[in-house]
>>> print(open('input33.txt').read())   # compact mmCIF, C-alpha atoms and all ligand atoms
# COMPACT_ATOMS: atom_id res chain seq x y z
CA MET F 1 11.17 -83.27 -72.26
CA ARG F 2 14.76 -82.94 -70.94
CA ILE F 3 15.17 -80.43 -68.13
CA GLY F 4 18.61 -79.24 -67.01
CA ILE F 5 19.14 -78.26 -63.38
CA CYS F 6 22.38 -76.63 -62.26
CA ASP F 7 23.03 -75.47 -58.71
CA THR F 8 25.88 -74.62 -56.36
CA THR F 9 27.57 -75.71 -53.19
CA PHE F 10 27.89 -72.02 -52.19
CA ALA F 11 24.11 -71.83 -51.68
CA ARG F 12 22.91 -72.44 -48.11
CA PHE F 13 19.67 -74.17 -49.20
CA ASP F 14 19.05 -77.09 -51.61
CA MET F 15 16.90 -75.14 -54.07
CA ALA F 16 17.44 -77.73 -56.80
CA ALA F 17 15.77 -80.42 -54.70
CA ALA F 18 12.72 -78.18 -54.23
CA ALA F 19 12.57 -77.36 -57.95
CA ILE F 20 12.93 -81.01 -58.96
CA ASP F 21 10.19 -82.04 -56.52
CA GLU F 22 7.88 -79.36 -57.95
CA LEU F 23 8.64 -80.40 -61.54
CA LYS F 24 7.98 -84.08 -60.82
CA LYS F 25 4.67 -83.21 -59.15
CA ASN F 26 3.46 -81.28 -62.19
CA ALA F 27 4.82 -83.06 -65.24
CA TYR F 28 5.33 -86.68 -66.14
CA ASP F 29 7.42 -87.10 -69.25
CA LEU F 30 10.44 -85.41 -67.71
CA LYS F 31 14.07 -86.42 -67.82
CA ILE F 32 15.96 -84.30 -65.32
CA ILE F 33 19.73 -83.88 -65.62
CA ARG F 34 21.37 -82.17 -62.62
CA GLU F 35 24.89 -80.74 -62.29
CA THR F 36 26.21 -79.12 -59.10
CA VAL F 37 29.13 -76.67 -59.28
CA PRO F 38 30.91 -74.46 -56.69
CA GLY F 39 29.20 -71.10 -57.33
CA VAL F 40 27.06 -68.83 -59.51
CA LYS F 41 29.88 -67.89 -61.88
CA ASP F 42 30.18 -71.57 -62.80
CA LEU F 43 26.49 -71.78 -63.75
CA PRO F 44 26.62 -70.24 -67.29
CA VAL F 45 28.99 -72.81 -68.79
CA THR F 46 27.23 -75.61 -66.88
CA ALA F 47 23.87 -74.55 -68.28
CA LYS F 48 25.32 -74.31 -71.79
CA ILE F 49 26.79 -77.81 -71.48
CA LEU F 50 23.40 -79.12 -70.31
CA ILE F 51 21.84 -77.59 -73.43
CA GLU F 52 24.47 -78.50 -76.00
CA GLU F 53 25.77 -81.82 -74.72
CA GLU F 54 22.81 -83.15 -72.70
CA ASN F 55 20.23 -81.80 -75.18
CA CYS F 56 18.17 -80.13 -72.49
CA ASP F 57 15.13 -78.21 -73.73
CA ILE F 58 15.31 -75.70 -70.88
CA VAL F 59 17.53 -75.16 -67.82
CA MET F 60 17.09 -73.83 -64.29
CA ALA F 61 20.21 -72.22 -62.83
CA LEU F 62 19.90 -71.92 -59.04
CA GLY F 63 22.29 -69.96 -56.85
CA MET F 64 22.68 -67.83 -53.74
CA PRO F 65 24.71 -64.62 -53.94
CA GLY F 66 26.19 -63.68 -50.58
CA PRO F 67 25.65 -60.33 -48.82
CA MET F 68 28.99 -58.64 -49.61
CA GLU F 69 29.55 -56.15 -52.43
CA LYS F 70 31.89 -58.65 -54.13
CA ASP F 71 29.10 -61.25 -53.98
CA LYS F 72 26.67 -58.92 -55.72
CA MET F 73 29.29 -58.20 -58.36
CA CYS F 74 29.69 -61.94 -58.79
CA ALA F 75 25.94 -62.38 -59.17
CA HIS F 76 25.83 -59.67 -61.83
CA GLU F 77 28.65 -61.35 -63.73
CA ALA F 78 26.85 -64.68 -63.48
CA SER F 79 23.60 -63.14 -64.72
CA THR F 80 25.39 -61.66 -67.73
CA GLY F 81 26.90 -65.05 -68.41
CA LEU F 82 23.52 -66.74 -68.18
CA ILE F 83 22.02 -64.24 -70.64
CA ASN F 84 24.88 -64.85 -73.04
CA ALA F 85 24.44 -68.60 -72.74
CA GLN F 86 20.72 -68.21 -73.56
CA LEU F 87 21.48 -66.09 -76.61
CA MET F 88 24.20 -68.44 -77.82
CA THR F 89 21.92 -71.45 -77.55
CA ASN F 90 18.52 -69.89 -78.20
CA THR F 91 17.37 -71.77 -75.12
CA HIS F 92 15.79 -70.49 -71.91
CA ILE F 93 17.88 -70.65 -68.76
CA LEU F 94 15.74 -69.60 -65.81
CA GLU F 95 17.94 -67.76 -63.31
CA VAL F 96 16.79 -68.61 -59.77
CA PHE F 97 18.92 -66.53 -57.40
CA VAL F 98 18.14 -65.92 -53.74
CA HIS F 99 20.36 -63.24 -52.22
CA GLU F 100 21.50 -64.16 -48.73
CA ASP F 101 20.53 -60.68 -47.46
CA GLU F 102 16.96 -60.80 -48.76
CA GLU F 103 15.88 -62.03 -45.33
CA GLU F 104 17.45 -61.43 -41.88
CA ASP F 105 16.00 -64.56 -40.33
CA PRO F 106 17.52 -67.83 -41.62
CA VAL F 107 14.13 -69.56 -41.30
CA GLU F 108 12.55 -66.91 -43.53
CA LEU F 109 15.46 -67.13 -45.97
CA ALA F 110 14.99 -70.90 -46.25
CA LYS F 111 11.27 -70.40 -46.91
CA LEU F 112 12.04 -67.79 -49.59
CA ALA F 113 14.55 -70.12 -51.26
CA GLU F 114 12.09 -73.02 -51.25
CA ASN F 115 9.20 -70.93 -52.57
CA ARG F 116 11.22 -69.16 -55.26
CA ALA F 117 12.63 -72.48 -56.54
CA ARG F 118 9.15 -74.05 -56.64
CA GLU F 119 7.50 -71.03 -58.30
CA HIS F 120 10.16 -70.87 -61.00
CA ALA F 121 9.62 -74.60 -61.56
CA GLN F 122 5.93 -73.83 -62.02
CA ASN F 123 6.89 -71.14 -64.54
CA LEU F 124 8.97 -73.69 -66.41
CA ILE F 125 5.98 -76.02 -66.60
CA LYS F 126 3.81 -73.20 -67.97
CA MET F 127 6.47 -72.17 -70.49
CA MET F 128 6.94 -75.71 -71.75
CA TYR F 129 3.42 -77.11 -71.50
CA HIS F 130 0.81 -74.41 -70.88
CA ARG F 131 1.85 -71.26 -72.72
CA LYS F 132 -1.70 -69.97 -72.60
CA ALA F 133 -1.55 -70.03 -68.79
CA MET F 134 1.59 -67.87 -68.95
CA ARG F 135 -0.12 -65.49 -71.35
CA LYS F 136 -3.04 -65.07 -68.94
CA GLU F 137 -0.59 -63.81 -66.29
CA ALA F 138 0.86 -61.05 -68.51
CA GLY F 139 0.90 -57.77 -66.64
CA MET F 140 -0.33 -59.34 -63.40
CA GLY F 141 2.70 -58.39 -61.30
CA MET F 142 3.69 -61.99 -60.65
CA ARG F 143 6.61 -62.60 -58.27
CA GLU F 144 8.49 -65.76 -57.29
CA GLY F 145 9.13 -66.54 -53.65
CA LYS F 146 7.23 -63.59 -52.18
CA GLU F 147 3.77 -62.03 -52.45
CA ASP F 148 2.81 -61.09 -56.02
CA ALA F 149 2.88 -57.32 -56.58
CA GLY F 150 -0.40 -57.59 -58.47
CA PRO F 151 -1.60 -55.48 -61.43
CA LEU F 152 -1.86 -51.67 -61.33
C1 LIG F 201 32.87 -63.57 -54.31
C2 LIG F 201 32.04 -64.74 -54.64
N1 LIG F 201 30.73 -64.70 -54.24
C3 LIG F 201 29.94 -65.75 -54.58
C4 LIG F 201 28.55 -65.73 -54.22
O1 LIG F 201 28.06 -64.79 -53.58
N2 LIG F 201 27.79 -66.80 -54.58
C5 LIG F 201 28.31 -67.86 -55.29
O2 LIG F 201 27.56 -68.79 -55.61
N3 LIG F 201 29.60 -67.91 -55.65
C6 LIG F 201 30.42 -66.87 -55.28
N4 LIG F 201 31.74 -66.92 -55.62
C7 LIG F 201 32.30 -68.14 -56.29
C8 LIG F 201 32.14 -68.09 -57.81
O3 LIG F 201 30.75 -68.11 -58.17
C9 LIG F 201 32.80 -69.33 -58.44
O4 LIG F 201 32.31 -70.50 -57.85
C10 LIG F 201 34.30 -69.32 -58.28
O5 LIG F 201 34.81 -68.10 -58.76
C11 LIG F 201 34.95 -70.49 -59.02
O6 LIG F 201 34.72 -70.39 -60.39
C12 LIG F 201 32.56 -65.85 -55.34
C13 LIG F 201 33.99 -65.87 -55.78
>>> encode(input="input33.txt", output="structure tokens", more="lines below")
Ligand SMILES: Cc1nc2c(=O)[nH]c(=O)nc-2n(C[C@H](O)[C@H](O)[C@H](O)CO)c1C
Amino acid sequence: MRIGICDTTFARFDMAAAAIDELKKNAYDLKIIRETVPGVKDLPVTAKILIEEENCDIVMALGMPGPMEKDKMCAHEASTGLINAQLMTNTHILEVFVHEDEEEDPVELAKLAENRAREHAQNLIKMMYHRKAMRKEAGMGMREGKEDAGPL
């Protein structure tokens, strides 16, 4: 299994390291290919290159949009790009974004970034190895990085 990881220097936390650690703890036949780029708008092409040129079976794209309006616009553009890259390649790219203004306290923001990266890595494992486990969570209000919302 070849897993692509792309992340940014703009982010203020090394989410890729957390995701890679989580993947290695939960799966064994992994080859992880990591590319770091400046920011979220560089992630779509990087993910597509990981799929098409590095033959990755799935990709995690990790980034941190800043708090300004222009940052949120940037994140939206990046998300659209990531969706296009998935459709063009018929390959999942898990978008793992932590917005800098999701938490006031930098300690809490770091915890959120770590947890969200790890929980998306766990999702990747389920998607690639344990699809039944994913199915069991349908409609359960699952969230990554914070408390699950839970089912209605
Ligand atoms: C405004 C802006 N905001 C962000 C951001 O919030 N998070 C991020 O990761 N990158 C941002 N960037 C940089 C772009 O994503 C990209 O790196 C540059 O436009 C170079 O292609 C830009 C230009």
>>> closest_residue(input="input33.txt", among="F:Lys126, F:Leu152, F:Ala61, F:Glu54", to="Gly139 of chain F", atoms="all atoms listed in the file")
F:Leu152
>>> residues_near_point(input="input33.txt", point="(22.4, -80.4, -63.2)", cutoff="12 Å", atoms="only C-alpha atoms", output="ChimeraX atom specification")
/F:2-8,15-17,19-20,31-37,42-51,54,56,58-62
>>> residues_around(input="input33.txt", residues="Thr80 of chain F", least_positions_apart="6", cutoff="10 Å", atoms="all atoms listed in the file", output="list of chain:residue names")
F:Lys41, F:Pro44, F:Cys74, F:Gln86
>>> closest_residue(input="input33.txt", among="F:His99, F:Ala85, F:Asp29, F:Asp57", to="ligand LIG 201 (chain F)", atoms="all atoms listed in the file")
F:His99
>>> closest_atom_pairs(input="input33.txt", of="chain F", to="ligand LIG 201 (chain F)", cutoff="8 Å", atoms="only C-alpha atoms and all ligand atoms", output="Markdown table")
| residue | atom | partner | partner_atom | distance |
| --- | --- | --- | --- | --- |
| F:Thr8 | CA | F:LIG201 | O2 | 6.1 |
| F:Thr9 | CA | F:LIG201 | O2 | 7.3 |
| F:Phe10 | CA | F:LIG201 | O2 | 4.7 |
| F:Ala11 | CA | F:LIG201 | O2 | 6.0 |
| F:Val37 | CA | F:LIG201 | O4 | 7.1 |
| F:Pro38 | CA | F:LIG201 | O4 | 4.4 |
| F:Gly39 | CA | F:LIG201 | O4 | 3.2 |
| F:Val40 | CA | F:LIG201 | O2 | 3.9 |
| F:Lys41 | CA | F:LIG201 | O3 | 3.8 |
| F:Asp42 | CA | F:LIG201 | O6 | 5.3 |
| F:Leu43 | CA | F:LIG201 | O3 | 7.9 |
| F:Gly63 | CA | F:LIG201 | O2 | 5.5 |
| F:Met64 | CA | F:LIG201 | N2 | 5.3 |
| F:Pro65 | CA | F:LIG201 | O1 | 3.4 |
| F:Gly66 | CA | F:LIG201 | O1 | 3.7 |
| F:Pro67 | CA | F:LIG201 | O1 | 7.0 |
| F:Met68 | CA | F:LIG201 | O1 | 7.4 |
| F:Lys70 | CA | F:LIG201 | C1 | 5.0 |
| F:Asp71 | CA | F:LIG201 | O1 | 3.7 |
| F:Lys72 | CA | F:LIG201 | O1 | 6.4 |
| F:Met73 | CA | F:LIG201 | C1 | 7.6 |
| F:Cys74 | CA | F:LIG201 | N1 | 5.4 |
| F:Ala75 | CA | F:LIG201 | O1 | 6.4 |
| F:Ala78 | CA | F:LIG201 | O3 | 7.4 |
| F:His99 | CA | F:LIG201 | O1 | 8.0 |
